[in-house]
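What follows is the content of target11.csv (CSV, N, CA and C atoms).
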chain,number,residue,atom,x,y,z
A,222,MET,N,72.3,100.3,62.5
A,222,MET,CA,72.6,100.3,63.9
A,222,MET,C,71.4,100.2,64.8
A,223,ASP,N,71.6,99.5,65.9
A,223,ASP,CA,70.5,99.3,66.8
A,223,ASP,C,70.5,100.4,67.9
A,224,LYS,N,69.5,100.5,68.7
A,224,LYS,CA,69.4,101.5,69.6
A,224,LYS,C,69.0,101.0,71.0
A,225,VAL,N,69.8,101.3,72.0
A,225,VAL,CA,69.4,101.1,73.4
A,225,VAL,C,69.0,102.4,74.0
A,226,PHE,N,67.9,102.4,74.8
A,226,PHE,CA,67.5,103.7,75.3
A,226,PHE,C,67.1,103.6,76.8
A,227,ILE,N,67.2,104.7,77.4
A,227,ILE,CA,66.7,104.9,78.8
A,227,ILE,C,65.7,106.0,78.8
A,228,SER,N,64.6,105.9,79.3
A,228,SER,CA,63.6,106.9,79.3
A,228,SER,C,63.2,107.4,80.7
A,229,GLN,N,63.2,108.7,80.8
A,229,GLN,CA,62.8,109.4,82.1
A,229,GLN,C,63.5,108.9,83.3
A,230,LEU,N,64.8,108.8,83.2
A,230,LEU,CA,65.7,108.5,84.3
A,230,LEU,C,65.7,109.7,85.3
A,231,HIS,N,65.2,109.5,86.5
A,231,HIS,CA,65.0,110.5,87.4
A,231,HIS,C,66.2,110.7,88.4
A,232,VAL,N,66.7,111.9,88.5
A,232,VAL,CA,67.8,112.2,89.4
A,232,VAL,C,67.5,113.5,90.1
A,233,ASP,N,67.6,113.4,91.4
A,233,ASP,CA,67.5,114.7,92.2
A,233,ASP,C,68.9,115.2,92.5
A,234,THR,N,69.2,116.4,92.2
A,234,THR,CA,70.6,117.0,92.3
A,234,THR,C,70.5,118.5,92.5
A,235,ILE,N,71.6,119.0,92.9
A,235,ILE,CA,71.8,120.5,92.9
A,235,ILE,C,72.3,120.9,91.5
A,236,ILE,N,71.5,121.8,90.9
A,236,ILE,CA,71.9,122.4,89.6
A,236,ILE,C,71.2,123.7,89.4
A,237,GLY,N,71.9,124.7,88.9
A,237,GLY,CA,71.3,125.9,88.6
A,237,GLY,C,72.3,127.1,88.7
A,238,VAL,N,71.9,128.2,88.2
A,238,VAL,CA,72.7,129.4,88.2
A,238,VAL,C,72.4,130.3,89.4
A,239,TYR,N,71.1,130.3,89.8
A,239,TYR,CA,70.7,131.2,90.9
A,239,TYR,C,71.0,130.6,92.3
A,240,ASP,N,71.2,131.5,93.2
A,240,ASP,CA,71.5,131.1,94.6
A,240,ASP,C,70.5,130.1,95.2
A,241,PHE,N,69.2,130.4,95.0
A,241,PHE,CA,68.2,129.5,95.5
A,241,PHE,C,68.3,128.1,94.9
A,242,GLU,N,68.7,128.0,93.7
A,242,GLU,CA,68.9,126.7,93.1
A,242,GLU,C,70.0,125.9,93.7
A,243,LYS,N,71.0,126.6,94.3
A,243,LYS,CA,72.1,125.9,94.8
A,243,LYS,C,71.9,125.4,96.3
A,244,GLU,N,70.7,125.7,96.8
A,244,GLU,CA,70.4,125.3,98.1
A,244,GLU,C,69.5,124.1,98.3
A,245,THR,N,68.8,123.7,97.2
A,245,THR,CA,67.8,122.6,97.2
A,245,THR,C,67.9,121.8,96.0
A,246,LYS,N,67.9,120.5,96.2
A,246,LYS,CA,67.9,119.6,95.0
A,246,LYS,C,66.7,119.8,94.2
A,247,GLN,N,66.9,119.6,92.9
A,247,GLN,CA,65.9,119.7,91.9
A,247,GLN,C,65.8,118.4,91.1
A,248,SER,N,64.7,118.1,90.6
A,248,SER,CA,64.5,116.9,89.8
A,248,SER,C,64.9,117.1,88.3
A,249,LEU,N,65.7,116.2,87.8
A,249,LEU,CA,66.1,116.2,86.4
A,249,LEU,C,65.6,114.8,85.8
A,250,TYR,N,65.2,114.8,84.6
A,250,TYR,CA,64.7,113.6,83.9
A,250,TYR,C,65.5,113.5,82.6
A,251,PHE,N,66.2,112.3,82.5
A,251,PHE,CA,67.0,112.0,81.3
A,251,PHE,C,66.4,111.0,80.4
A,252,ASP,N,66.4,111.3,79.1
A,252,ASP,CA,66.1,110.4,78.0
A,252,ASP,C,67.4,110.2,77.3
A,253,ILE,N,67.9,109.0,77.2
A,253,ILE,CA,69.2,108.7,76.6
A,253,ILE,C,69.0,107.6,75.5
A,254,GLU,N,69.5,107.9,74.3
A,254,GLU,CA,69.6,106.9,73.2
A,254,GLU,C,71.0,106.7,72.8
A,255,MET,N,71.3,105.4,72.7
A,255,MET,CA,72.7,105.0,72.3
A,255,MET,C,72.7,104.0,71.2
A,256,LEU,N,73.4,104.3,70.1
A,256,LEU,CA,73.5,103.4,69.0
A,256,LEU,C,74.6,102.4,69.2
A,257,CYS,N,74.3,101.2,68.9
A,257,CYS,CA,75.2,100.1,69.1
A,257,CYS,C,74.7,98.9,68.2
A,258,ASP,N,75.5,97.8,68.2
A,258,ASP,CA,75.2,96.6,67.5
A,258,ASP,C,74.8,95.6,68.5
A,259,ILE,N,73.6,95.1,68.6
A,259,ILE,CA,73.2,94.2,69.6
A,259,ILE,C,73.2,92.7,69.2
A,260,LYS,N,73.6,92.5,67.9
A,260,LYS,CA,73.5,91.1,67.4
A,260,LYS,C,74.3,90.1,68.2
A,261,LEU,N,75.5,90.3,68.6
A,261,LEU,CA,76.3,89.4,69.4
A,261,LEU,C,75.7,89.1,70.7
A,262,ALA,N,75.3,90.1,71.4
A,262,ALA,CA,74.6,90.0,72.7
A,262,ALA,C,73.3,89.2,72.6
A,263,ALA,N,72.6,89.5,71.5
A,263,ALA,CA,71.3,88.7,71.3
A,263,ALA,C,71.6,87.3,71.0
A,264,LYS,N,72.6,87.0,70.2
A,264,LYS,CA,72.9,85.6,69.8
A,264,LYS,C,73.4,84.8,71.0
A,265,THR,N,74.2,85.4,71.8
A,265,THR,CA,74.8,84.7,73.0
A,265,THR,C,74.0,84.8,74.3
A,266,ASP,N,73.1,85.7,74.3
A,266,ASP,CA,72.3,86.0,75.5
A,266,ASP,C,73.2,86.3,76.7
A,267,ASP,N,74.3,87.1,76.4
A,267,ASP,CA,75.3,87.4,77.4
A,267,ASP,C,75.3,88.9,77.7
A,268,ILE,N,75.0,89.3,78.9
A,268,ILE,CA,74.9,90.7,79.3
A,268,ILE,C,76.3,91.3,79.1
A,269,ALA,N,77.4,90.6,79.3
A,269,ALA,CA,78.7,91.2,79.1
A,269,ALA,C,78.9,91.7,77.7
A,270,LEU,N,78.2,91.2,76.7
A,270,LEU,CA,78.3,91.6,75.4
A,270,LEU,C,77.3,92.7,75.0
A,271,ALA,N,76.4,93.1,75.9
A,271,ALA,CA,75.4,94.0,75.7
A,271,ALA,C,75.8,95.4,76.2
A,272,LEU,N,75.1,96.4,75.7
A,272,LEU,CA,75.2,97.8,76.2
A,272,LEU,C,74.3,97.8,77.4
A,273,ASP,N,74.8,97.7,78.6
A,273,ASP,CA,74.0,97.5,79.8
A,273,ASP,C,73.4,98.8,80.3
A,274,TYR,N,72.1,99.0,80.0
A,274,TYR,CA,71.4,100.2,80.4
A,274,TYR,C,71.4,100.5,81.9
A,275,ALA,N,71.5,99.4,82.7
A,275,ALA,CA,71.5,99.6,84.1
A,275,ALA,C,72.8,100.3,84.6
A,276,LYS,N,73.9,99.8,83.9
A,276,LYS,CA,75.2,100.4,84.3
A,276,LYS,C,75.3,101.9,83.8
A,277,VAL,N,74.8,102.1,82.6
A,277,VAL,CA,74.7,103.5,82.1
A,277,VAL,C,73.9,104.4,83.0
A,278,SER,N,72.8,103.9,83.5
A,278,SER,CA,71.9,104.6,84.4
A,278,SER,C,72.7,104.9,85.7
A,279,GLU,N,73.3,103.9,86.2
A,279,GLU,CA,74.1,104.1,87.5
A,279,GLU,C,75.2,105.2,87.3
A,280,ARG,N,75.8,105.2,86.1
A,280,ARG,CA,76.9,106.1,85.9
A,280,ARG,C,76.4,107.5,85.7
A,281,VAL,N,75.3,107.7,85.1
A,281,VAL,CA,74.6,109.0,84.9
A,281,VAL,C,74.2,109.5,86.3
A,282,ILE,N,73.6,108.7,87.1
A,282,ILE,CA,73.2,109.1,88.4
A,282,ILE,C,74.4,109.6,89.3
A,283,ALA,N,75.4,108.7,89.2
A,283,ALA,CA,76.6,109.0,90.0
A,283,ALA,C,77.3,110.3,89.6
A,284,HIS,N,77.4,110.5,88.3
A,284,HIS,CA,78.1,111.8,87.9
A,284,HIS,C,77.2,113.0,88.1
A,285,THR,N,75.9,112.9,87.9
A,285,THR,CA,75.0,114.0,88.1
A,285,THR,C,74.9,114.5,89.5
A,286,THR,N,75.1,113.6,90.5
A,286,THR,CA,75.0,113.9,91.9
A,286,THR,C,76.3,114.2,92.5
A,287,ALA,N,77.4,113.9,91.9
A,287,ALA,CA,78.8,114.0,92.5
A,287,ALA,C,79.2,115.4,92.7
A,288,LYS,N,79.1,116.2,91.6
A,288,LYS,CA,79.6,117.6,91.7
A,288,LYS,C,78.7,118.5,90.9
A,289,PRO,N,78.0,119.4,91.7
A,289,PRO,CA,77.1,120.3,91.0
A,289,PRO,C,77.7,121.2,89.9
A,290,VAL,N,76.9,121.4,88.9
A,290,VAL,CA,77.3,122.3,87.8
A,290,VAL,C,76.1,123.3,87.7
A,291,GLU,N,76.3,124.4,87.0
A,291,GLU,CA,75.2,125.4,86.9
A,291,GLU,C,74.3,125.2,85.7
A,292,LEU,N,74.9,124.7,84.6
A,292,LEU,CA,74.1,124.7,83.4
A,292,LEU,C,73.8,123.2,83.0
A,293,LEU,N,72.6,123.0,82.5
A,293,LEU,CA,72.3,121.7,81.9
A,293,LEU,C,73.2,121.4,80.7
A,294,GLU,N,73.6,122.5,80.0
A,294,GLU,CA,74.5,122.3,78.8
A,294,GLU,C,75.8,121.6,79.2
A,295,THR,N,76.3,122.1,80.4
A,295,THR,CA,77.6,121.5,80.9
A,295,THR,C,77.4,120.1,81.2
A,296,LEU,N,76.3,119.8,81.9
A,296,LEU,CA,76.0,118.4,82.4
A,296,LEU,C,75.9,117.5,81.3
A,297,VAL,N,75.1,117.8,80.2
A,297,VAL,CA,74.9,116.9,79.1
A,297,VAL,C,76.1,116.6,78.3
A,298,GLU,N,76.9,117.7,78.2
A,298,GLU,CA,78.2,117.5,77.5
A,298,GLU,C,79.1,116.5,78.2
A,299,GLN,N,79.2,116.7,79.5
A,299,GLN,CA,80.0,115.8,80.4
A,299,GLN,C,79.5,114.3,80.3
A,300,LEU,N,78.2,114.2,80.4
A,300,LEU,CA,77.6,112.8,80.3
A,300,LEU,C,77.8,112.2,79.0
A,301,ALA,N,77.6,113.0,77.9
A,301,ALA,CA,77.9,112.4,76.5
A,301,ALA,C,79.3,111.9,76.4
A,302,ALA,N,80.3,112.7,76.9
A,302,ALA,CA,81.7,112.2,76.9
A,302,ALA,C,81.9,111.0,77.7
A,303,ILE,N,81.3,110.9,78.8
A,303,ILE,CA,81.4,109.7,79.7
A,303,ILE,C,80.9,108.5,79.0
A,304,ILE,N,79.7,108.6,78.5
A,304,ILE,CA,79.0,107.5,77.8
A,304,ILE,C,79.8,107.0,76.6
A,305,LEU,N,80.2,107.9,75.8
A,305,LEU,CA,81.0,107.5,74.6
A,305,LEU,C,82.3,106.9,74.9
A,306,THR,N,82.9,107.3,76.0
A,306,THR,CA,84.2,106.8,76.4
A,306,THR,C,84.1,105.4,77.1
A,307,GLU,N,83.1,105.3,78.0
A,307,GLU,CA,83.1,104.2,78.9
A,307,GLU,C,82.2,103.0,78.4
A,308,PHE,N,81.4,103.3,77.4
A,308,PHE,CA,80.4,102.2,77.0
A,308,PHE,C,80.5,102.0,75.5
A,309,ALA,N,80.1,100.9,75.0
A,309,ALA,CA,80.2,100.4,73.6
A,309,ALA,C,79.1,101.0,72.8
A,310,THR,N,79.2,102.3,72.5
A,310,THR,CA,78.3,103.0,71.7
A,310,THR,C,79.0,104.0,70.8
A,311,THR,N,78.5,104.2,69.6
A,311,THR,CA,79.1,105.1,68.6
A,311,THR,C,78.5,106.5,68.6
A,312,GLN,N,77.3,106.5,69.1
A,312,GLN,CA,76.5,107.8,69.1
A,312,GLN,C,75.6,107.8,70.3
A,313,VAL,N,75.5,109.0,71.0
A,313,VAL,CA,74.5,109.1,72.1
A,313,VAL,C,73.7,110.4,71.9
A,314,THR,N,72.5,110.3,72.2
A,314,THR,CA,71.6,111.5,72.3
A,314,THR,C,71.1,111.5,73.7
A,315,ILE,N,71.3,112.7,74.3
A,315,ILE,CA,70.8,112.9,75.7
A,315,ILE,C,69.9,114.1,75.7
A,316,ARG,N,68.7,113.9,76.3
A,316,ARG,CA,67.8,114.9,76.5
A,316,ARG,C,67.5,115.0,78.0
A,317,VAL,N,67.8,116.2,78.6
A,317,VAL,CA,67.5,116.4,80.0
A,317,VAL,C,66.4,117.4,80.2
A,318,SER,N,65.5,117.1,81.1
A,318,SER,CA,64.4,118.0,81.4
A,318,SER,C,64.5,118.4,82.8
A,319,LYS,N,64.1,119.7,83.0
A,319,LYS,CA,64.2,120.3,84.4
A,319,LYS,C,62.8,120.9,84.6
A,320,PRO,N,61.9,120.2,85.2
A,320,PRO,CA,60.5,120.6,85.3
A,320,PRO,C,60.2,121.8,86.1
A,321,ALA,N,61.0,122.1,87.1
A,321,ALA,CA,60.8,123.2,88.1
A,321,ALA,C,61.4,124.5,87.6
A,322,ALA,N,62.1,124.5,86.5
A,322,ALA,CA,62.9,125.7,86.1
A,322,ALA,C,62.0,126.9,85.7
A,323,VAL,N,60.9,126.7,85.0
A,323,VAL,CA,60.0,127.8,84.6
A,323,VAL,C,58.6,127.4,85.0
A,324,ALA,N,58.1,128.2,85.9
A,324,ALA,CA,56.8,127.9,86.5
A,324,ALA,C,55.7,127.7,85.5
A,325,GLN,N,55.7,128.5,84.4
A,325,GLN,CA,54.7,128.5,83.4
A,325,GLN,C,54.8,127.3,82.4
A,326,ALA,N,55.9,126.6,82.4
A,326,ALA,CA,56.2,125.5,81.5
A,326,ALA,C,56.1,124.1,82.2
A,327,ARG,N,55.6,123.1,81.5
A,327,ARG,CA,55.6,121.8,82.1
A,327,ARG,C,57.1,121.4,82.4
A,328,THR,N,58.0,121.6,81.4
A,328,THR,CA,59.4,121.3,81.6
A,328,THR,C,60.2,122.1,80.6
A,329,VAL,N,61.5,122.3,80.9
A,329,VAL,CA,62.4,122.9,79.9
A,329,VAL,C,63.6,122.0,79.9
A,330,GLY,N,64.5,122.2,78.9
A,330,GLY,CA,65.7,121.3,78.9
A,330,GLY,C,66.6,121.5,77.7
A,331,VAL,N,67.5,120.5,77.6
A,331,VAL,CA,68.5,120.6,76.5
A,331,VAL,C,68.6,119.2,75.9
A,332,GLU,N,68.8,119.1,74.6
A,332,GLU,CA,69.1,117.8,74.0
A,332,GLU,C,70.3,118.0,73.1
A,333,ILE,N,71.2,117.0,73.1
A,333,ILE,CA,72.4,117.0,72.3
A,333,ILE,C,72.5,115.6,71.7
A,334,THR,N,73.2,115.5,70.6
A,334,THR,CA,73.7,114.3,70.0
A,334,THR,C,75.2,114.4,69.7
A,335,ARG,N,75.9,113.4,70.2
A,335,ARG,CA,77.3,113.4,70.0
A,335,ARG,C,77.8,112.0,69.4
A,336,LEU,N,78.8,112.1,68.6
A,336,LEU,CA,79.4,110.9,68.0
A,336,LEU,C,80.8,110.6,68.7
A,337,LYS,N,81.1,109.3,68.7
A,337,LYS,CA,82.4,108.9,69.2
A,337,LYS,C,83.5,109.4,68.3
A,338,ALA,N,84.5,110.0,68.8
A,338,ALA,CA,85.7,110.5,68.0
A,338,ALA,C,86.3,109.3,67.3
A,339,ARG,N,86.7,109.5,66.1
A,339,ARG,CA,87.4,108.4,65.4
A,339,ARG,C,88.9,108.5,65.4
As structure tokens:
Amino acid sequence: MDKVFISQLHVDTIIGVYDFEKETKQSLYFDIEMLCDIKLAAKTDDIALALDYAKVSERVIAHTTAKPVELLETLVEQLAAIILTEFATTQVTIRVSKPAAVAQARTVGVEITRLKAR
């Protein structure tokens, strides 16, 4: 399987458990890896046959900013389901980093890998 990836996709959004987190947007950074077969897209040079990382990025941004959630775990599960349903991939790995969450850490986050249901 081939891999299409997005690295350090930056999204400012409202996310968090604490009241102060619900008042100000915070930066999130997404690393997304999607398994797919790129042979046909490569052979035809046709974007319609490719896993379009620009469209995936737009969808991640739209969902992340549409309705705030409290937990990164909730957000990445939602995004994995969207990507597996709406795009031609059989497996997705999403890593989200929240740099402002812990002052003593460069960043914290969550990473998951999910497979398309058969």
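Proximity of A:Glu291, A:Glu298, A:Glu307, A:Glu332 to Gly237 (chain A), computed with all atoms listed in the file, is greatest for A:Glu291.
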**OP:** Give the helix (DSSP H, G or I) residues of region 236-336 of chain A, as assigned by DSSP on the backbone, as a PyMOL selection string.
**Re:** chain A and resi 240-243+260-265+268-270+274-287+293-307
**OP:** Run DSSP on the backbone and give me the residues of chain A it puts in strand (DSSP E or B), as a VMD selection string.
**Re:** chain A and resid 223 to 234 236 247 to 257 290 312 to 319 329 to 336
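Using only N, CA and C atoms for every distance, the candidate list A:Arg327, A:Lys288, A:Glu294, A:Ala271 yields A:Lys288 as the residue closest to Ile235 (chain A).
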Original post:
Which one of A:Ala321, A:Asp252, A:Arg335, A:Ala302 sits closest to His231 (chain A) if you count only N, CA and C atoms?
Top reply: A:Asp252
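Counting from atom N of Thr310 (chain A), the distance to CA of Ala338 (chain A) is 11.4 Å.
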Mind filling out region 312-323 of chain A with all heavy atoms and sending it as a PDB file, in the frame of the given file?
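New file result.pdb:
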ATOM      1  N   GLN A 312      77.300 106.500  69.100  1.00  0.00           N
ATOM      2  CA  GLN A 312      76.500 107.800  69.100  1.00  0.00           C
ATOM      3  C   GLN A 312      75.600 107.800  70.300  1.00  0.00           C
ATOM      4  O   GLN A 312      74.959 106.804  70.637  1.00  0.00           O
ATOM      5  CB  GLN A 312      75.718 107.952  67.827  1.00  0.00           C
ATOM      6  CG  GLN A 312      74.887 109.214  67.765  1.00  0.00           C
ATOM      7  CD  GLN A 312      74.136 109.330  66.454  1.00  0.00           C
ATOM      8  OE1 GLN A 312      74.716 109.156  65.388  1.00  0.00           O
ATOM      9  NE2 GLN A 312      72.854 109.621  66.526  1.00  0.00           N
ATOM     10  N   VAL A 313      75.500 109.000  71.000  1.00  0.00           N
ATOM     11  CA  VAL A 313      74.500 109.100  72.100  1.00  0.00           C
ATOM     12  C   VAL A 313      73.700 110.400  71.900  1.00  0.00           C
ATOM     13  O   VAL A 313      74.269 111.416  71.446  1.00  0.00           O
ATOM     14  CB  VAL A 313      75.292 109.122  73.428  1.00  0.00           C
ATOM     15  CG1 VAL A 313      76.253 110.292  73.550  1.00  0.00           C
ATOM     16  CG2 VAL A 313      74.318 109.118  74.596  1.00  0.00           C
ATOM     17  N   THR A 314      72.500 110.300  72.200  1.00  0.00           N
ATOM     18  CA  THR A 314      71.600 111.500  72.300  1.00  0.00           C
ATOM     19  C   THR A 314      71.100 111.500  73.700  1.00  0.00           C
ATOM     20  O   THR A 314      70.568 110.545  74.225  1.00  0.00           O
ATOM     21  CB  THR A 314      70.408 111.356  71.287  1.00  0.00           C
ATOM     22  OG1 THR A 314      70.927 111.287  69.953  1.00  0.00           O
ATOM     23  CG2 THR A 314      69.475 112.549  71.420  1.00  0.00           C
ATOM     24  N   ILE A 315      71.300 112.700  74.300  1.00  0.00           N
ATOM     25  CA  ILE A 315      70.800 112.900  75.700  1.00  0.00           C
ATOM     26  C   ILE A 315      69.900 114.100  75.700  1.00  0.00           C
ATOM     27  O   ILE A 315      70.210 115.160  75.199  1.00  0.00           O
ATOM     28  CB  ILE A 315      71.992 113.160  76.643  1.00  0.00           C
ATOM     29  CG1 ILE A 315      73.003 112.020  76.583  1.00  0.00           C
ATOM     30  CG2 ILE A 315      71.482 113.364  78.077  1.00  0.00           C
ATOM     31  CD1 ILE A 315      74.260 112.284  77.398  1.00  0.00           C
ATOM     32  N   ARG A 316      68.700 113.900  76.300  1.00  0.00           N
ATOM     33  CA  ARG A 316      67.800 114.900  76.500  1.00  0.00           C
ATOM     34  C   ARG A 316      67.500 115.000  78.000  1.00  0.00           C
ATOM     35  O   ARG A 316      67.209 114.002  78.651  1.00  0.00           O
ATOM     36  CB  ARG A 316      66.447 114.597  75.806  1.00  0.00           C
ATOM     37  CG  ARG A 316      65.352 115.606  76.030  1.00  0.00           C
ATOM     38  CD  ARG A 316      64.056 115.110  75.384  1.00  0.00           C
ATOM     39  NE  ARG A 316      63.007 116.065  75.542  1.00  0.00           N
ATOM     40  CZ  ARG A 316      62.557 116.860  74.585  1.00  0.00           C
ATOM     41  NH1 ARG A 316      63.088 116.801  73.376  1.00  0.00           N
ATOM     42  NH2 ARG A 316      61.579 117.705  74.821  1.00  0.00           N
ATOM     43  N   VAL A 317      67.800 116.200  78.600  1.00  0.00           N
ATOM     44  CA  VAL A 317      67.500 116.400  80.000  1.00  0.00           C
ATOM     45  C   VAL A 317      66.400 117.400  80.200  1.00  0.00           C
ATOM     46  O   VAL A 317      66.452 118.461  79.541  1.00  0.00           O
ATOM     47  CB  VAL A 317      68.809 116.744  80.779  1.00  0.00           C
ATOM     48  CG1 VAL A 317      69.412 118.043  80.294  1.00  0.00           C
ATOM     49  CG2 VAL A 317      68.554 116.807  82.276  1.00  0.00           C
ATOM     50  N   SER A 318      65.500 117.100  81.100  1.00  0.00           N
ATOM     51  CA  SER A 318      64.400 118.000  81.400  1.00  0.00           C
ATOM     52  C   SER A 318      64.500 118.400  82.800  1.00  0.00           C
ATOM     53  O   SER A 318      64.798 117.646  83.697  1.00  0.00           O
ATOM     54  CB  SER A 318      63.047 117.277  81.136  1.00  0.00           C
ATOM     55  OG  SER A 318      62.924 116.849  79.807  1.00  0.00           O
ATOM     56  N   LYS A 319      64.100 119.700  83.000  1.00  0.00           N
ATOM     57  CA  LYS A 319      64.200 120.300  84.400  1.00  0.00           C
ATOM     58  C   LYS A 319      62.800 120.900  84.600  1.00  0.00           C
ATOM     59  O   LYS A 319      62.559 122.100  84.299  1.00  0.00           O
ATOM     60  CB  LYS A 319      65.295 121.353  84.421  1.00  0.00           C
ATOM     61  CG  LYS A 319      65.559 121.942  85.776  1.00  0.00           C
ATOM     62  CD  LYS A 319      66.753 122.904  85.671  1.00  0.00           C
ATOM     63  CE  LYS A 319      67.041 123.598  86.972  1.00  0.00           C
ATOM     64  NZ  LYS A 319      68.096 124.603  86.839  1.00  0.00           N
ATOM     65  N   PRO A 320      61.900 120.200  85.200  1.00  0.00           N
ATOM     66  CA  PRO A 320      60.500 120.600  85.300  1.00  0.00           C
ATOM     67  C   PRO A 320      60.200 121.800  86.100  1.00  0.00           C
ATOM     68  O   PRO A 320      59.298 122.578  85.866  1.00  0.00           O
ATOM     69  CB  PRO A 320      59.737 119.396  85.831  1.00  0.00           C
ATOM     70  CG  PRO A 320      60.697 118.296  85.916  1.00  0.00           C
ATOM     71  CD  PRO A 320      62.053 118.801  85.601  1.00  0.00           C
ATOM     72  N   ALA A 321      61.000 122.100  87.100  1.00  0.00           N
ATOM     73  CA  ALA A 321      60.800 123.200  88.100  1.00  0.00           C
ATOM     74  C   ALA A 321      61.400 124.500  87.600  1.00  0.00           C
ATOM     75  O   ALA A 321      61.300 125.499  88.312  1.00  0.00           O
ATOM     76  CB  ALA A 321      61.226 122.816  89.462  1.00  0.00           C
ATOM     77  N   ALA A 322      62.100 124.500  86.500  1.00  0.00           N
ATOM     78  CA  ALA A 322      62.900 125.700  86.100  1.00  0.00           C
ATOM     79  C   ALA A 322      62.000 126.900  85.700  1.00  0.00           C
ATOM     80  O   ALA A 322      62.366 128.025  86.021  1.00  0.00           O
ATOM     81  CB  ALA A 322      63.802 125.338  84.950  1.00  0.00           C
ATOM     82  N   VAL A 323      60.900 126.700  85.000  1.00  0.00           N
ATOM     83  CA  VAL A 323      60.000 127.800  84.600  1.00  0.00           C
ATOM     84  C   VAL A 323      58.600 127.400  85.000  1.00  0.00           C
ATOM     85  O   VAL A 323      58.050 126.422  84.524  1.00  0.00           O
ATOM     86  CB  VAL A 323      60.120 127.958  83.049  1.00  0.00           C
ATOM     87  CG1 VAL A 323      59.135 129.022  82.597  1.00  0.00           C
ATOM     88  CG2 VAL A 323      61.539 128.306  82.624  1.00  0.00           C
TER      89      VAL A 323
END
